[in-house]
Amino acid sequence: MARFTARSVCPYDCPDTCGMLVEVENDRCVAVAGDPAHPMTRGLLCPKMNHYEKTVHSDRRLTTPLLRVGAKGAGIFRPISWEEAISTICSRWKELTAAYGGECILPYSYAGTMGLVQRNSGHPFFHKLGASRLERTICSPAKDAGWKMIMGETPAIDPGEIAHSDLVILWGINAAATSIHAMRDAKDARRRGARIVVIDTYQTPTAKAADEVFLVKPGGDGALALGMMHVMVRESLIDEGFIAANVQGFEQLCRDILPDCTPEKMAVACGVSPENIERLAREYAHAKAPFIRLGSGLTRYANGAMTVRTISCLPALVGAWQRRGGGIFCGTSTGGAFPLSRVVREDFLEHPTRLVSMNQLGSALTTLDEPPVMSLYVYHSNPAAIAPDQNAVIQGLEREDLFTVVHERFMTDTARYADIVLPATSSLEHPDLYRSYGGYHAQRCSAAIPPVGASKSNWEVFSILAEGMGWDQPFFRQSADDLIDQLLDYDTSWRDAALTRRLSDGEPVLLNPPLDPQRPWQTRSGRIEILNEQEAESLPRLLATHAEQDGLPLRLQPATTPYALNSSFYEQDDLRLRQEPMVLMMSRSDAEQRGLADGEQVIACNERGQVTFTLKITDRVPSGTVVTEGVWWREFIPGERGVNALTSQRLTDGGRGSTLYDVAVDVRKSDCPNWRI
Ligand SMILES: Nc1nc2c(c(=O)[nH]1)N[C@H]1C(S)=C(S)[C@@H](COP(=O)(O)OP(=O)(O)OC[C@H]3O[C@@H](n4cnc5c(=O)[nH]c(N)nc54)[C@H](O)[C@@H]3O)O[C@H]1N2
Ligand SMILES: Nc1nc2c(c(=O)[nH]1)N[C@H]1C(S)=C(S)[C@@H](COP(=O)(O)OP(=O)(O)OC[C@H]3O[C@@H](n4cnc5c(=O)[nH]c(N)nc54)[C@H](O)[C@@H]3O)O[C@H]1N2
Ligand SMILES: [Mo]
């Protein structure tokens, strides 16, 4: 039997970007394991990836192109050939662009695969077509925006610094589920004597590993950080020498903002008691090297960027940056290491076309005009499940005159609405180059097995679509490996020739980020800019959330689960059966106030929608907050709609991000048929 081990990389949207060893037997993956030689993975994979072979060879994999023969959304299709699929799509697009112009076509993609070539391979095609451009801002652009407001282009410290910290704050991150290697490193630091503090909105799996947990009101972290700074300044727990040499705007912060941020006032806004705000401030200031690992949870709010900016002031006030293990880590950016413009090809755009926010797909499909969106091409994303305001998205997808193509591995909620479905390869079936956003590692990999069924990779599909459109540019006739070669063949301080050779050979490598001890703060002023006059808000201050203004009594957290990744992995039965679908966690007092009992069906609702849940009364959530985990496929849920029927298309204060966690609802008994808010 032909059996061998191949090296590969986990393609999912996770900061860890693990290296994997893939066991292949007779062209099938039979097992995977964490690569012991990978600097972050060190042999450990998460529960989702431990049996990746069950995703790759799932009975649910799409294996042939499909043409819709039933009603939109009914999921009734018949198999067709690739030739028929491509010629149907191309002739439809030629007609539509002739009638409405290229902008009537909207690509929709996000992070099914994080590989640099496959993820971005639609860009050159849609640029050449003159299609509308998608603003890919669903995840956490407010985090980058908030960081930039105070730290400019300063590169992130190595996340491994956590090992040298004596106080680790896991702030708005569910590391036990979403970045298990950060969790492992935090636990290692704890074994060496560090304390772990978790700041979240409920008792997450991560909270179990903490010495202390502080529960905040959703979106209240800016208030918590301001309250801490008030205490630190009042009690002279700051590093004046560091501030004088490195910080811009400390005086203005003390004069204009902090006096009003007493622990008593901030407690009302953040839900942490004044005593605990004071205690946390003192503990933070007295730590030798406090390390904040900031997650994305707290950024998906109307005030998300401001929150990140405010929390980022803390290490500046105590000079934590001077000491090994001290500082704040938001995520790495390795943009300089690979010339992505060679894949994205903005130069193929004849003129800039309109930008459509992926957070506002519902509005784009239902209200956009001049031209309306007449065709949607979805690849490696599942907007019917993951995009905010699901009712608006589905209303759009149901439009009879919308020509929808979905390139997918599975019959997702979105694929059910397609006119044509194209089968996609999994990461084991195509080559790519991966880089991490939670560390500085990168790795190239080849296909380990042949494509399952007639599936094709993203790059291959765009290559044959270009041919179908009659374009003769040699660019589209290259292979994915040719593009990877071009990304590697580039002079940069991030990697020397020896490192590039190892990368080309498929080894996991650590890149050399341009950390410059002579110029630690890469901002306009060369200082940490607490005062930033380029911004409309020149100083950090308290900003309200949307939910606070919506006038409904409960805050809903659509949180992550350890057993899925956004809407991915529900195809694995074992993982799915480890969770209960659509559970709504609520405090006993909130349940009693509403006369709701544990285990009963309830409806959560707001002006956008109503969603059926099973109620779980628990002390894991504080009163005023309700939590549900996972983004379930519709076929597994009790009602018609998932949690995103409750989330909104409104955007964050910076970065135009999603406000998926900034949601107000009320919860009622399900037997309340005429109830309307
Ligand atoms: N298992 C698993 N892993 C994943 C994912 C997944 O769905 N499942 N998703 C992947 C993706 S795309 C991403 S972006 C990352 C995200 O990974 P993380 O950065 O961990 O972000 P989230 O899980 O969205 O939210 C983190 C925590 O923030 C909390 N939170 C929400 N609002 C607030 C707030 O206002 N204040 C505070 N202090 N906490 C708050 C949530 O309850 C949650 O526990 O994980 C990736 N990895
Ligand atoms: N309620 C709620 N909504 C959320 C979130 C949440 O926590 N709660 N998280 C938000 C966040 S942080 C993010 S980043 C987004 C993520 O949103 P998406 O990026 O849409 O993530 P997934 O749900 O993982 O869907 C990815 C799809 O890509 C497919 N796929 C995988 N590989 C390939 C490939 O190579 N080619 C093709 N064509 N398809 C492929 C998979 O089968 C899967 O269906 O969701 C957001 N939505
Ligand atoms: Mo994300």
# chains A, B, ... in the order shown; residues from 1 in each chain; ligands from 1
>>> residues_near_ligand(ligand="ligand 1", cutoff="8 Å", atoms="only C-alpha atoms and all ligand atoms", output="PDB file with C-alpha atoms, in the first residue's frame")
ATOM      1  CA  TYR A  12      -8.430  27.968   8.849  1.00  0.00           C
ATOM      2  CA  ASP A  13      -8.837  31.490  10.158  1.00  0.00           C
ATOM      3  CA  CYS A  14      -6.996  31.054  13.428  1.00  0.00           C
ATOM      4  CA  PRO A  15      -3.967  32.968  14.705  1.00  0.00           C
ATOM      5  CA  LYS A  48     -11.332  20.604  15.481  1.00  0.00           C
ATOM      6  CA  ALA A 111     -11.527  33.148   5.233  1.00  0.00           C
ATOM      7  CA  CYS A 139     -13.564  40.054  11.528  1.00  0.00           C
ATOM      8  CA  SER A 140     -11.662  42.630  13.546  1.00  0.00           C
ATOM      9  CA  TRP A 171      -8.566  40.233  27.650  1.00  0.00           C
ATOM     10  CA  GLY A 172     -11.550  39.573  25.370  1.00  0.00           C
ATOM     11  CA  ILE A 173      -9.975  36.379  24.068  1.00  0.00           C
ATOM     12  CA  ASN A 174     -11.329  32.864  24.458  1.00  0.00           C
ATOM     13  CA  ALA A 175      -7.880  31.358  23.987  1.00  0.00           C
ATOM     14  CA  ALA A 177     -11.123  27.711  22.112  1.00  0.00           C
ATOM     15  CA  THR A 178      -9.651  30.133  19.591  1.00  0.00           C
ATOM     16  CA  SER A 179      -5.869  30.019  20.016  1.00  0.00           C
ATOM     17  CA  ILE A 199     -11.514  39.677  31.379  1.00  0.00           C
ATOM     18  CA  ASP A 200     -14.595  38.521  29.488  1.00  0.00           C
ATOM     19  CA  THR A 201     -18.332  38.915  29.391  1.00  0.00           C
ATOM     20  CA  TYR A 202     -19.030  35.399  30.705  1.00  0.00           C
ATOM     21  CA  GLN A 203     -17.275  32.374  32.185  1.00  0.00           C
ATOM     22  CA  THR A 204     -15.656  30.936  29.062  1.00  0.00           C
ATOM     23  CA  THR A 206     -10.572  30.057  29.106  1.00  0.00           C
ATOM     24  CA  LEU A 215     -16.831  39.914  33.979  1.00  0.00           C
ATOM     25  CA  VAL A 216     -17.592  43.127  32.100  1.00  0.00           C
ATOM     26  CA  LYS A 217     -20.703  44.434  30.421  1.00  0.00           C
ATOM     27  CA  PRO A 218     -20.353  43.825  26.672  1.00  0.00           C
ATOM     28  CA  GLY A 219     -18.450  46.748  25.177  1.00  0.00           C
ATOM     29  CA  GLY A 220     -17.510  48.084  28.622  1.00  0.00           C
ATOM     30  CA  ASP A 221     -13.749  47.477  28.559  1.00  0.00           C
ATOM     31  CA  LEU A 294      -5.966  41.202  23.520  1.00  0.00           C
ATOM     32  CA  GLY A 295      -8.580  39.190  21.645  1.00  0.00           C
ATOM     33  CA  SER A 296     -11.036  40.291  19.018  1.00  0.00           C
ATOM     34  CA  GLY A 297     -14.200  39.815  21.057  1.00  0.00           C
ATOM     35  CA  LEU A 298     -14.203  43.321  22.474  1.00  0.00           C
ATOM     36  CA  THR A 299     -13.637  44.960  19.090  1.00  0.00           C
ATOM     37  CA  ARG A 300     -16.960  44.058  17.436  1.00  0.00           C
ATOM     38  CA  TYR A 301     -18.792  47.000  18.953  1.00  0.00           C
ATOM     39  CA  GLN A 557     -23.106  37.526  22.911  1.00  0.00           C
ATOM     40  CA  PRO A 558     -22.827  35.301  19.823  1.00  0.00           C
ATOM     41  CA  ALA A 559     -19.669  33.629  21.100  1.00  0.00           C
ATOM     42  CA  THR A 560     -17.280  31.028  19.702  1.00  0.00           C
ATOM     43  CA  THR A 561     -17.237  27.320  20.567  1.00  0.00           C
ATOM     44  CA  PRO A 562     -14.150  25.095  20.850  1.00  0.00           C
ATOM     45  CA  TYR A 563     -15.781  22.566  18.469  1.00  0.00           C
ATOM     46  CA  ALA A 564     -16.367  24.715  15.390  1.00  0.00           C
ATOM     47  CA  LEU A 565     -14.836  27.694  13.638  1.00  0.00           C
ATOM     48  CA  ASN A 566     -17.458  30.204  12.612  1.00  0.00           C
ATOM     49  CA  SER A 567     -19.755  28.012  10.451  1.00  0.00           C
ATOM     50  CA  VAL A 627     -24.733  34.027  25.480  1.00  0.00           C
ATOM     51  CA  GLY A 630     -21.416  28.678  17.561  1.00  0.00           C
ATOM     52  CA  VAL A 631     -22.763  29.664  14.133  1.00  0.00           C
ATOM     53  CA  TYR A 661     -21.274  41.298  19.406  1.00  0.00           C
ATOM     54  CA  ASP A 662     -23.045  44.618  19.962  1.00  0.00           C
TER      55      ASP A 662
END
>>> residues_around(residues="range 260-270 of chain A", least_positions_apart="4", cutoff="12 Å", atoms="only C-alpha atoms", output="compact mmCIF listing (two decimals) with N, CA, C and O atoms, in the first residue's frame")
# COMPACT_ATOMS: atom_id res chain seq x y z
N ILE A 199 -10.46 38.65 31.39
CA ILE A 199 -11.51 39.68 31.38
C ILE A 199 -12.44 39.35 30.22
O ILE A 199 -12.04 39.38 29.05
N ASP A 200 -13.65 38.96 30.52
CA ASP A 200 -14.59 38.52 29.49
C ASP A 200 -16.00 38.93 29.91
O ASP A 200 -16.19 39.51 30.98
N THR A 201 -16.95 38.57 29.06
CA THR A 201 -18.33 38.91 29.39
C THR A 201 -19.05 37.75 30.07
O THR A 201 -20.15 37.92 30.58
N PHE A 214 -12.67 38.65 35.66
CA PHE A 214 -13.50 39.85 35.80
C PHE A 214 -14.52 39.84 34.66
O PHE A 214 -14.14 39.77 33.49
N LEU A 215 -15.79 39.89 35.01
CA LEU A 215 -16.83 39.91 33.98
C LEU A 215 -17.27 41.35 33.74
O LEU A 215 -17.64 42.06 34.68
N VAL A 216 -17.21 41.75 32.45
CA VAL A 216 -17.59 43.13 32.10
C VAL A 216 -18.92 43.12 31.34
O VAL A 216 -19.30 42.10 30.77
N LYS A 217 -19.56 44.27 31.33
CA LYS A 217 -20.70 44.43 30.42
C LYS A 217 -20.16 44.44 29.01
O LYS A 217 -19.12 45.08 28.75
N PRO A 218 -20.84 43.81 28.06
CA PRO A 218 -20.35 43.82 26.67
C PRO A 218 -20.05 45.25 26.20
O PRO A 218 -20.90 46.14 26.33
N GLY A 219 -18.85 45.43 25.69
CA GLY A 219 -18.45 46.75 25.18
C GLY A 219 -18.00 47.71 26.27
O GLY A 219 -17.75 48.88 26.01
N GLY A 220 -17.83 47.20 27.50
CA GLY A 220 -17.51 48.08 28.62
C GLY A 220 -16.03 48.18 28.96
O GLY A 220 -15.66 48.84 29.93
N ASP A 221 -15.17 47.56 28.17
CA ASP A 221 -13.75 47.48 28.56
C ASP A 221 -13.03 48.82 28.54
O ASP A 221 -12.07 49.01 29.29
N GLY A 222 -13.47 49.72 27.68
CA GLY A 222 -12.84 51.05 27.65
C GLY A 222 -13.03 51.71 29.01
O GLY A 222 -12.10 52.31 29.57
N ALA A 223 -14.23 51.57 29.56
CA ALA A 223 -14.52 52.16 30.88
C ALA A 223 -13.63 51.51 31.94
O ALA A 223 -13.10 52.20 32.82
N LEU A 224 -13.47 50.21 31.86
CA LEU A 224 -12.61 49.52 32.83
C LEU A 224 -11.18 50.06 32.75
O LEU A 224 -10.56 50.38 33.78
N ALA A 225 -10.66 50.19 31.54
CA ALA A 225 -9.28 50.67 31.38
C ALA A 225 -9.15 52.13 31.85
O ALA A 225 -8.16 52.50 32.48
N LEU A 226 -10.15 52.94 31.57
CA LEU A 226 -10.10 54.34 32.01
C LEU A 226 -10.13 54.42 33.54
O LEU A 226 -9.40 55.20 34.16
N GLY A 227 -10.97 53.58 34.15
CA GLY A 227 -11.05 53.54 35.61
C GLY A 227 -9.70 53.11 36.20
O GLY A 227 -9.23 53.68 37.19
N MET A 228 -9.08 52.11 35.58
CA MET A 228 -7.76 51.66 36.06
C MET A 228 -6.75 52.79 35.96
O MET A 228 -5.95 53.02 36.88
N MET A 229 -6.78 53.52 34.85
CA MET A 229 -5.80 54.60 34.67
C MET A 229 -6.03 55.72 35.68
O MET A 229 -5.08 56.30 36.20
N HIS A 230 -7.30 55.99 35.98
CA HIS A 230 -7.61 57.00 36.99
C HIS A 230 -6.93 56.63 38.32
O HIS A 230 -6.27 57.45 38.95
N VAL A 231 -7.09 55.36 38.70
CA VAL A 231 -6.51 54.89 39.96
C VAL A 231 -4.98 54.95 39.90
O VAL A 231 -4.32 55.42 40.84
N MET A 232 -4.42 54.51 38.79
CA MET A 232 -2.96 54.48 38.67
C MET A 232 -2.36 55.88 38.78
O MET A 232 -1.32 56.08 39.42
N VAL A 233 -3.04 56.86 38.20
CA VAL A 233 -2.53 58.23 38.26
C VAL A 233 -2.75 58.80 39.67
O VAL A 233 -1.83 59.38 40.27
N ARG A 234 -3.94 58.56 40.20
CA ARG A 234 -4.27 59.09 41.54
C ARG A 234 -3.29 58.57 42.58
O ARG A 234 -2.87 59.29 43.48
N LEU A 253 -4.39 63.70 28.74
CA LEU A 253 -5.25 62.63 29.24
C LEU A 253 -5.59 62.91 30.71
O LEU A 253 -6.74 62.78 31.12
N CYS A 254 -4.56 63.29 31.48
CA CYS A 254 -4.77 63.55 32.91
C CYS A 254 -5.67 64.77 33.12
O CYS A 254 -6.44 64.83 34.06
N ARG A 255 -5.54 65.74 32.22
CA ARG A 255 -6.28 66.98 32.41
C ARG A 255 -7.74 66.84 31.92
O ARG A 255 -8.67 67.20 32.61
N ASP A 256 -7.92 66.25 30.71
CA ASP A 256 -9.23 66.32 30.07
C ASP A 256 -10.10 65.08 30.28
O ASP A 256 -11.32 65.15 30.11
N PRO A 274 -16.25 49.13 41.83
CA PRO A 274 -15.15 50.09 42.04
C PRO A 274 -13.98 49.45 42.77
O PRO A 274 -12.82 49.70 42.43
N GLU A 275 -14.26 48.60 43.75
CA GLU A 275 -13.17 47.96 44.50
C GLU A 275 -12.33 47.08 43.57
O GLU A 275 -11.10 47.06 43.66
N ASN A 276 -13.01 46.36 42.68
CA ASN A 276 -12.26 45.49 41.78
C ASN A 276 -11.48 46.29 40.73
O ASN A 276 -10.40 45.88 40.32
N ILE A 277 -12.03 47.41 40.31
CA ILE A 277 -11.27 48.26 39.37
C ILE A 277 -9.98 48.72 40.06
O ILE A 277 -8.89 48.66 39.50
N GLU A 278 -10.13 49.13 41.32
CA GLU A 278 -8.94 49.59 42.05
C GLU A 278 -7.94 48.47 42.24
O GLU A 278 -6.73 48.65 42.05
N ARG A 279 -8.43 47.31 42.59
CA ARG A 279 -7.54 46.17 42.84
C ARG A 279 -6.81 45.76 41.57
O ARG A 279 -5.61 45.51 41.57
N LEU A 280 -7.55 45.73 40.46
CA LEU A 280 -6.91 45.34 39.20
C LEU A 280 -5.86 46.38 38.79
O LEU A 280 -4.78 46.03 38.31
N ALA A 281 -6.19 47.65 39.00
CA ALA A 281 -5.24 48.72 38.64
C ALA A 281 -3.95 48.55 39.42
O ALA A 281 -2.84 48.63 38.87
N THR A 307 -11.98 51.17 22.22
CA THR A 307 -11.65 50.27 23.33
C THR A 307 -10.21 49.77 23.22
O THR A 307 -9.46 49.78 24.19
N PRO A 540 -8.28 59.14 24.00
CA PRO A 540 -9.20 58.05 24.37
C PRO A 540 -10.28 58.58 25.30
O PRO A 540 -10.00 59.41 26.17
N ARG A 541 -11.49 58.13 25.13
CA ARG A 541 -12.57 58.51 26.06
C ARG A 541 -13.67 57.46 25.99
O ARG A 541 -13.62 56.55 25.16
N LEU A 542 -14.66 57.65 26.85
CA LEU A 542 -15.75 56.68 26.91
C LEU A 542 -16.69 56.85 25.72
O LEU A 542 -17.15 57.96 25.46
N LEU A 543 -16.95 55.77 25.00
CA LEU A 543 -17.93 55.81 23.90
C LEU A 543 -18.99 54.75 24.17
O LEU A 543 -18.67 53.66 24.65
N ALA A 544 -20.21 55.05 23.78
CA ALA A 544 -21.31 54.11 24.03
C ALA A 544 -21.34 53.00 22.97
O ALA A 544 -20.81 53.16 21.87
N THR A 545 -21.97 51.89 23.31
CA THR A 545 -22.22 50.83 22.33
C THR A 545 -23.55 51.10 21.64
O THR A 545 -24.33 51.95 22.08
N GLU A 548 -26.49 49.72 24.00
CA GLU A 548 -26.93 50.62 25.06
C GLU A 548 -28.03 51.55 24.58
O GLU A 548 -28.84 52.02 25.35
>>> closest_residue(among="A:Phe291, A:Tyr377, A:Phe476, A:Trp321", to="Glu460 in chain A", atoms="only C-alpha atoms")
A:Phe476
>>> residues_near_ligand(ligand="ligand 2", cutoff="7 Å", atoms="only C-alpha atoms and all ligand atoms", output="MDAnalysis selection string")
chainID A and resid 13 109:113 118 138:140 379:383 386:388 407:410 412 424:427 457:458 558:560 565:568 630:631 643:644 660
>>> atom_distance(atom1="CA of Met20 in chain A", atom2="CA of Lys187 in chain A")
22.7 Å
>>> residues_around(residues="Asp489 in chain A", least_positions_apart="2", cutoff="10 Å", atoms="only C-alpha atoms", output="list in words")
Phe338, Pro339, Leu483, Ile484, Asp485, Gln486, Leu487, Asp491, Thr492, Ala497, Thr500 and Ser504 of chain A
>>> residues_around(residues="Leu428 in chain A", least_positions_apart="5", cutoff="8 Å", atoms="only C-alpha atoms", output="number ranges by chain")
A: 8, 56, 446-449
>>> write_last_selection(atoms="C-alpha atoms", output="PDB file, in the first residue's frame")
ATOM      1  CA  SER A   8       0.798  20.570   5.487  1.00  0.00           C
ATOM      2  CA  VAL A  56     -11.669  16.091   3.910  1.00  0.00           C
ATOM      3  CA  SER A 446       1.913  21.195  -1.719  1.00  0.00           C
ATOM      4  CA  ALA A 447      -1.193  19.131  -2.275  1.00  0.00           C
ATOM      5  CA  ALA A 448      -0.996  15.936  -0.201  1.00  0.00           C
ATOM      6  CA  ILE A 449      -3.810  14.083  -2.013  1.00  0.00           C
TER       7      ILE A 449
END
>>> select_by_dssp(residues="range 249-472 of chain A", states="alpha helix (DSSP H)", output="VMD selection string")
chain A and resid 250 to 252 263 to 270 274 to 286 304 to 311 313 to 318 341 to 344 361 to 367 383 to 386 390 to 397 458 to 468
>>> closest_atom_pairs(of="range 403-477 of chain A", to="range 25-46 of chain A", cutoff="10 Å", atoms="only C-alpha atoms", output="tab-separated table")
residue	atom	partner	partner_atom	distance
A:Leu428	CA	A:Cys29	CA	8.3
A:Ser436	CA	A:Met40	CA	9.8
A:Gly438	CA	A:Met40	CA	9.4
A:Gly439	CA	A:Met40	CA	7.8
A:Tyr440	CA	A:Met40	CA	9.4
A:His441	CA	A:Pro39	CA	7.5
A:Ala442	CA	A:His38	CA	9.8
A:Gln443	CA	A:His38	CA	9.5
A:Ala448	CA	A:Cys29	CA	8.0
A:Ile449	CA	A:Asp27	CA	5.3
A:Pro450	CA	A:Asp27	CA	6.5
A:Pro451	CA	A:Asp27	CA	9.3
A:Val452	CA	A:Arg28	CA	9.0
>>> write_last_selection(atoms="C-alpha atoms", output="PDB file, in the first residue's frame")
ATOM      1  CA  LEU A 428      -4.936  18.974   1.436  1.00  0.00           C
ATOM      2  CA  SER A 436       0.344  33.462  10.807  1.00  0.00           C
ATOM      3  CA  GLY A 438      -0.686  35.253  15.878  1.00  0.00           C
ATOM      4  CA  GLY A 439       3.047  34.757  15.472  1.00  0.00           C
ATOM      5  CA  TYR A 440       5.793  35.287  12.908  1.00  0.00           C
ATOM      6  CA  HIS A 441       5.807  31.850  11.303  1.00  0.00           C
ATOM      7  CA  ALA A 442       5.154  30.931   7.679  1.00  0.00           C
ATOM      8  CA  GLN A 443       5.074  27.734   5.650  1.00  0.00           C
ATOM      9  CA  ALA A 448      -0.996  15.936  -0.201  1.00  0.00           C
ATOM     10  CA  ILE A 449      -3.810  14.083  -2.013  1.00  0.00           C
ATOM     11  CA  PRO A 450      -5.583  14.461  -5.371  1.00  0.00           C
ATOM     12  CA  PRO A 451      -8.825  16.492  -5.513  1.00  0.00           C
ATOM     13  CA  VAL A 452     -11.856  14.761  -4.021  1.00  0.00           C
TER      14      VAL A 452
END
>>> atom_distance(atom1="CA of Ile617 in chain A", atom2="CA of Ile637 in chain A")
19.4 Å
>>> atom_distance(atom1="CA of Arg641 in chain A", atom2="CA of Leu66 in chain A")
24.9 Å
